[in-house]
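Participant: Here it is: the structure, laid out below.
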Amino acid sequence: MGRKVFVSYKYKDNRVAPLNGYHKHTVRDYVDYLQDHKYSGDDYNKAENDNENLSDFKKDTIKSKLRDKIWDSSITLVLISPGMRVEWQKEEDQWMPWEVAYSLRTETRHHTRSLPNGMIAVVLPDLFESYDYFDSQETLIDDQGNVHEIESIKTGNTFKIIRENMFNQKDPVTDTIQGQTIYYGESSYIITVRWADFIDDVDTYFDRAMNLKENRIDEYELQKQP
């Protein structure tokens, strides 16, 4: 069965590392790369076209276009970038939160029901080619002296609706090391992965997201309001 993919991203964010062979120097380059190299066979890119910057439309038109684009998609990629969130704007006035919200809702049209999408947050490298602004590595030592390499996700550096759908498993497996709560397994409905790892093995992350969507969605508290 084919997977239709919607990509949510900040169109003009230029605080990302340049991508070889692409010249816009914004997040759009990464979308173009995905279109050029990673969507084939049954995968179909649902991202906006280069000339469809939704900020040019009125609010009602934007919401209608988003609903139509997301309606029959099965996976949403959320491209995390340093400038994705405009600090001086209310989140409900920015479009990425709406895209995530529509991706997580159940909607019925003409007796056909669209279920929540599988969700993947792909962290893009910043201008210094670092992911640390959102996804960093930390070394912790437990009470027995064992060393643990921990992935630290800075959920506070993104939109509320994304933050609330990470670490949202109802009954997570956790531990406490050096006063920090450590999560194991698929603790978040929105899976997080660095760009370099994602493009190296796209199908694995698609399969993980679809497994949560189709088989394990009841394990999570989904938040659906931007």
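Naming works like this for the structure tokens: A, B, ... for the chains as they're shown, residue 1 at the start of each chain, ligands 1 onward in shown order.
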Write out as a ChimeraX atom specification which residues come within 9 Å of Ala121 (chain A) when counting only C-alpha atoms, dropping same-chain ones fewer than 3 positions away.

Facilitator: /A:76-80,162,190-194

Participant: The selected residues should be written to file as a PDB file, in the first residue's frame (atoms: all heavy atoms).

Facilitator:
ATOM      1  N   THR A  76       3.307  12.439   8.083  1.00  0.00           N
ATOM      2  CA  THR A  76       3.721  13.841   8.057  1.00  0.00           C
ATOM      3  C   THR A  76       5.156  13.941   8.548  1.00  0.00           C
ATOM      4  O   THR A  76       5.488  13.444   9.629  1.00  0.00           O
ATOM      5  CB  THR A  76       2.822  14.716   8.942  1.00  0.00           C
ATOM      6  OG1 THR A  76       1.503  14.747   8.379  1.00  0.00           O
ATOM      7  CG2 THR A  76       3.351  16.148   9.022  1.00  0.00           C
ATOM      8  N   LEU A  77       6.013  14.551   7.724  1.00  0.00           N
ATOM      9  CA  LEU A  77       7.364  14.902   8.140  1.00  0.00           C
ATOM     10  C   LEU A  77       7.351  16.342   8.640  1.00  0.00           C
ATOM     11  O   LEU A  77       6.902  17.239   7.925  1.00  0.00           O
ATOM     12  CB  LEU A  77       8.349  14.793   6.974  1.00  0.00           C
ATOM     13  CG  LEU A  77       8.534  13.445   6.296  1.00  0.00           C
ATOM     14  CD1 LEU A  77       9.629  13.561   5.227  1.00  0.00           C
ATOM     15  CD2 LEU A  77       8.888  12.366   7.297  1.00  0.00           C
ATOM     16  N   VAL A  78       7.834  16.560   9.843  1.00  0.00           N
ATOM     17  CA  VAL A  78       7.967  17.906  10.387  1.00  0.00           C
ATOM     18  C   VAL A  78       9.444  18.248  10.377  1.00  0.00           C
ATOM     19  O   VAL A  78      10.237  17.620  11.092  1.00  0.00           O
ATOM     20  CB  VAL A  78       7.410  17.995  11.825  1.00  0.00           C
ATOM     21  CG1 VAL A  78       7.516  19.420  12.351  1.00  0.00           C
ATOM     22  CG2 VAL A  78       5.971  17.496  11.879  1.00  0.00           C
ATOM     23  N   LEU A  79       9.851  19.189   9.539  1.00  0.00           N
ATOM     24  CA  LEU A  79      11.262  19.562   9.461  1.00  0.00           C
ATOM     25  C   LEU A  79      11.562  20.586  10.547  1.00  0.00           C
ATOM     26  O   LEU A  79      11.093  21.723  10.508  1.00  0.00           O
ATOM     27  CB  LEU A  79      11.600  20.119   8.076  1.00  0.00           C
ATOM     28  CG  LEU A  79      11.331  19.183   6.891  1.00  0.00           C
ATOM     29  CD1 LEU A  79      11.937  19.765   5.618  1.00  0.00           C
ATOM     30  CD2 LEU A  79      11.873  17.771   7.143  1.00  0.00           C
ATOM     31  N   ILE A  80      12.346  20.153  11.538  1.00  0.00           N
ATOM     32  CA  ILE A  80      12.732  21.013  12.653  1.00  0.00           C
ATOM     33  C   ILE A  80      13.924  21.858  12.218  1.00  0.00           C
ATOM     34  O   ILE A  80      14.943  21.334  11.770  1.00  0.00           O
ATOM     35  CB  ILE A  80      13.117  20.175  13.881  1.00  0.00           C
ATOM     36  CG1 ILE A  80      11.973  19.223  14.293  1.00  0.00           C
ATOM     37  CG2 ILE A  80      13.536  21.085  15.040  1.00  0.00           C
ATOM     38  CD1 ILE A  80      10.752  19.903  14.813  1.00  0.00           C
ATOM     39  N   ILE A 162       3.877  20.301  18.971  1.00  0.00           N
ATOM     40  CA  ILE A 162       4.922  19.307  18.744  1.00  0.00           C
ATOM     41  C   ILE A 162       5.468  18.820  20.083  1.00  0.00           C
ATOM     42  O   ILE A 162       5.625  17.617  20.309  1.00  0.00           O
ATOM     43  CB  ILE A 162       6.044  19.893  17.873  1.00  0.00           C
ATOM     44  CG1 ILE A 162       5.501  20.266  16.483  1.00  0.00           C
ATOM     45  CG2 ILE A 162       7.217  18.914  17.754  1.00  0.00           C
ATOM     46  CD1 ILE A 162       6.503  20.958  15.592  1.00  0.00           C
ATOM     47  N   ILE A 190       5.471  11.418  18.050  1.00  0.00           N
ATOM     48  CA  ILE A 190       6.279  12.052  17.009  1.00  0.00           C
ATOM     49  C   ILE A 190       7.715  11.578  17.174  1.00  0.00           C
ATOM     50  O   ILE A 190       8.399  11.948  18.119  1.00  0.00           O
ATOM     51  CB  ILE A 190       6.213  13.590  17.075  1.00  0.00           C
ATOM     52  CG1 ILE A 190       4.769  14.084  16.892  1.00  0.00           C
ATOM     53  CG2 ILE A 190       7.109  14.209  16.006  1.00  0.00           C
ATOM     54  CD1 ILE A 190       4.621  15.593  16.935  1.00  0.00           C
ATOM     55  N   ILE A 191       8.154  10.741  16.257  1.00  0.00           N
ATOM     56  CA  ILE A 191       9.509  10.204  16.288  1.00  0.00           C
ATOM     57  C   ILE A 191      10.496  11.304  15.900  1.00  0.00           C
ATOM     58  O   ILE A 191      10.241  12.084  14.981  1.00  0.00           O
ATOM     59  CB  ILE A 191       9.626   9.019  15.307  1.00  0.00           C
ATOM     60  CG1 ILE A 191       8.716   7.870  15.752  1.00  0.00           C
ATOM     61  CG2 ILE A 191      11.072   8.562  15.156  1.00  0.00           C
ATOM     62  CD1 ILE A 191       8.554   6.798  14.694  1.00  0.00           C
ATOM     63  N   THR A 192      11.643  11.368  16.587  1.00  0.00           N
ATOM     64  CA  THR A 192      12.667  12.367  16.282  1.00  0.00           C
ATOM     65  C   THR A 192      13.892  11.704  15.677  1.00  0.00           C
ATOM     66  O   THR A 192      14.368  10.677  16.168  1.00  0.00           O
ATOM     67  CB  THR A 192      13.086  13.124  17.555  1.00  0.00           C
ATOM     68  OG1 THR A 192      11.948  13.753  18.136  1.00  0.00           O
ATOM     69  CG2 THR A 192      14.134  14.186  17.233  1.00  0.00           C
ATOM     70  N   VAL A 193      14.417  12.291  14.589  1.00  0.00           N
ATOM     71  CA  VAL A 193      15.614  11.761  13.940  1.00  0.00           C
ATOM     72  C   VAL A 193      16.385  12.913  13.294  1.00  0.00           C
ATOM     73  O   VAL A 193      15.791  13.874  12.812  1.00  0.00           O
ATOM     74  CB  VAL A 193      15.236  10.697  12.873  1.00  0.00           C
ATOM     75  CG1 VAL A 193      14.281  11.271  11.828  1.00  0.00           C
ATOM     76  CG2 VAL A 193      16.474  10.125  12.191  1.00  0.00           C
ATOM     77  N   ARG A 194      17.690  12.812  13.320  1.00  0.00           N
ATOM     78  CA  ARG A 194      18.522  13.803  12.639  1.00  0.00           C
ATOM     79  C   ARG A 194      18.458  13.596  11.128  1.00  0.00           C
ATOM     80  O   ARG A 194      18.311  12.468  10.650  1.00  0.00           O
ATOM     81  CB  ARG A 194      19.978  13.698  13.121  1.00  0.00           C
ATOM     82  CG  ARG A 194      20.163  14.037  14.590  1.00  0.00           C
ATOM     83  CD  ARG A 194      21.622  13.963  14.979  1.00  0.00           C
ATOM     84  NE  ARG A 194      21.831  14.395  16.361  1.00  0.00           N
ATOM     85  CZ  ARG A 194      23.023  14.674  16.891  1.00  0.00           C
ATOM     86  NH1 ARG A 194      24.112  14.546  16.127  1.00  0.00           N
ATOM     87  NH2 ARG A 194      23.126  15.073  18.139  1.00  0.00           N
TER      88      ARG A 194
END

Participant: Show me, as a ChimeraX atom specification, the residues that have an atom within 10 Å of region 86-103 of chain A when counting only C-alpha atoms, minus same-chain residues fewer than 5 positions from it.

Facilitator: /A:6-10,54-55,59,62-63,66-79,114-119,158-162,165,222-226

Participant: Would you compute the distance between CA of Ile177 (chain A) and CA of His148 (chain A)? Give it in Å to one decimal.

Facilitator: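 Between CA of Ile177 (chain A) and CA of His148 (chain A) the gap works out to 9.0 Å.
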
Participant: In terms of the shortest atom-to-atom distance over only C-alpha atoms, which of A:Gln137, A:Thr26, A:Asn14, A:Gln178 is closest to Glu149 (chain A)?

Facilitator: A:Gln137

Participant: Which neighbours of Gly156 (chain A) fall inside 12 Å, counting only C-alpha atoms, when residues of the same chain fewer than 6 positions from it are skipped, and could you give them as a PDB file with N, CA, C and O atoms, in the first residue's frame?

Facilitator:
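New file selection.pdb:
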ATOM      1  N   ARG A  85      10.101  28.781  14.367  1.00  0.00           N
ATOM      2  CA  ARG A  85       9.100  29.443  15.200  1.00  0.00           C
ATOM      3  C   ARG A  85       9.401  30.932  15.265  1.00  0.00           C
ATOM      4  O   ARG A  85      10.493  31.337  15.645  1.00  0.00           O
ATOM      5  N   TYR A 133      21.035  22.359  18.872  1.00  0.00           N
ATOM      6  CA  TYR A 133      19.970  23.282  19.265  1.00  0.00           C
ATOM      7  C   TYR A 133      18.675  22.539  19.597  1.00  0.00           C
ATOM      8  O   TYR A 133      17.811  23.072  20.306  1.00  0.00           O
ATOM      9  N   PHE A 134      18.550  21.296  19.100  1.00  0.00           N
ATOM     10  CA  PHE A 134      17.336  20.521  19.363  1.00  0.00           C
ATOM     11  C   PHE A 134      17.633  19.094  19.812  1.00  0.00           C
ATOM     12  O   PHE A 134      16.906  18.553  20.645  1.00  0.00           O
ATOM     13  N   ASP A 135      18.686  18.492  19.284  1.00  0.00           N
ATOM     14  CA  ASP A 135      18.972  17.081  19.535  1.00  0.00           C
ATOM     15  C   ASP A 135      20.460  16.937  19.842  1.00  0.00           C
ATOM     16  O   ASP A 135      21.302  17.048  18.944  1.00  0.00           O
ATOM     17  N   ILE A 162       3.877  20.301  18.971  1.00  0.00           N
ATOM     18  CA  ILE A 162       4.922  19.307  18.744  1.00  0.00           C
ATOM     19  C   ILE A 162       5.468  18.820  20.083  1.00  0.00           C
ATOM     20  O   ILE A 162       5.625  17.617  20.309  1.00  0.00           O
ATOM     21  N   ARG A 163       5.742  19.760  20.977  1.00  0.00           N
ATOM     22  CA  ARG A 163       6.269  19.419  22.295  1.00  0.00           C
ATOM     23  C   ARG A 163       5.333  18.462  23.040  1.00  0.00           C
ATOM     24  O   ARG A 163       5.780  17.499  23.659  1.00  0.00           O
ATOM     25  N   GLU A 164       4.022  18.716  22.951  1.00  0.00           N
ATOM     26  CA  GLU A 164       3.060  17.904  23.708  1.00  0.00           C
ATOM     27  C   GLU A 164       2.850  16.519  23.110  1.00  0.00           C
ATOM     28  O   GLU A 164       2.274  15.647  23.771  1.00  0.00           O
ATOM     29  N   MET A 166       5.454  14.721  22.028  1.00  0.00           N
ATOM     30  CA  MET A 166       6.691  14.001  22.298  1.00  0.00           C
ATOM     31  C   MET A 166       6.686  13.591  23.773  1.00  0.00           C
ATOM     32  O   MET A 166       6.143  14.299  24.624  1.00  0.00           O
TER      33      MET A 166
END

Participant: Can you check which residues of region 91-146 of chain A DSSP gives as alpha helix (DSSP H) on the backbone and send them as a list in words?

Facilitator: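 Everything in region 91-146 of chain A that counts as alpha helix (DSSP H) is Trp95, Met96, Pro97, Trp98, Glu99, Val100, Ala101, Tyr102, Ser103 and Leu104 of chain A.
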
Participant: Any chance you could export the current selection's C-alpha atoms as a CSV table (one decimal), in the first residue's frame?

Facilitator:
chain,number,residue,atom,x,y,z
A,95,TRP,CA,1.0,27.5,10.0
A,96,MET,CA,3.3,24.7,11.1
A,97,PRO,CA,1.1,24.2,14.3
A,98,TRP,CA,-2.0,24.0,12.1
A,99,GLU,CA,-0.3,21.4,9.8
A,100,VAL,CA,0.6,19.3,12.8
A,101,ALA,CA,-2.9,19.6,14.2
A,102,TYR,CA,-4.6,18.6,11.0
A,103,SER,CA,-2.2,15.7,10.7
A,104,LEU,CA,-3.2,14.3,14.1

Participant: What is the distance, in Å and to one decimal place, between CA of Asp218 (chain A) and CA of Thr176 (chain A)?

Facilitator: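 A separation of 25.4 Å between them.
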
Participant: How would you write, as a PyMOL selection string, the set of residues in chain A that DSSP gives as strand (DSSP E or B)?

Facilitator: chain A and resi 4-8+16+44-45+75-80+107-109+112-114+118-123+126+135-141+147-153+169+173-177+180-184+190-194+220

Participant: What does the distance between CA of Phe128 (chain A) and CA of Tyr184 (chain A) come to in Å, to one decimal place?

Facilitator: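 We find that CA of Phe128 (chain A) and CA of Tyr184 (chain A) lie 29.5 Å from each other.
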
Participant: Give me, as a PyMOL selection string, all polymer residues having an atom no more than 8 Å from Pro125 (chain A), counting only C-alpha atoms and skipping those fewer than 4 positions away in the same chain.

Facilitator: chain A and resi 16-17+81+129-131+194-195
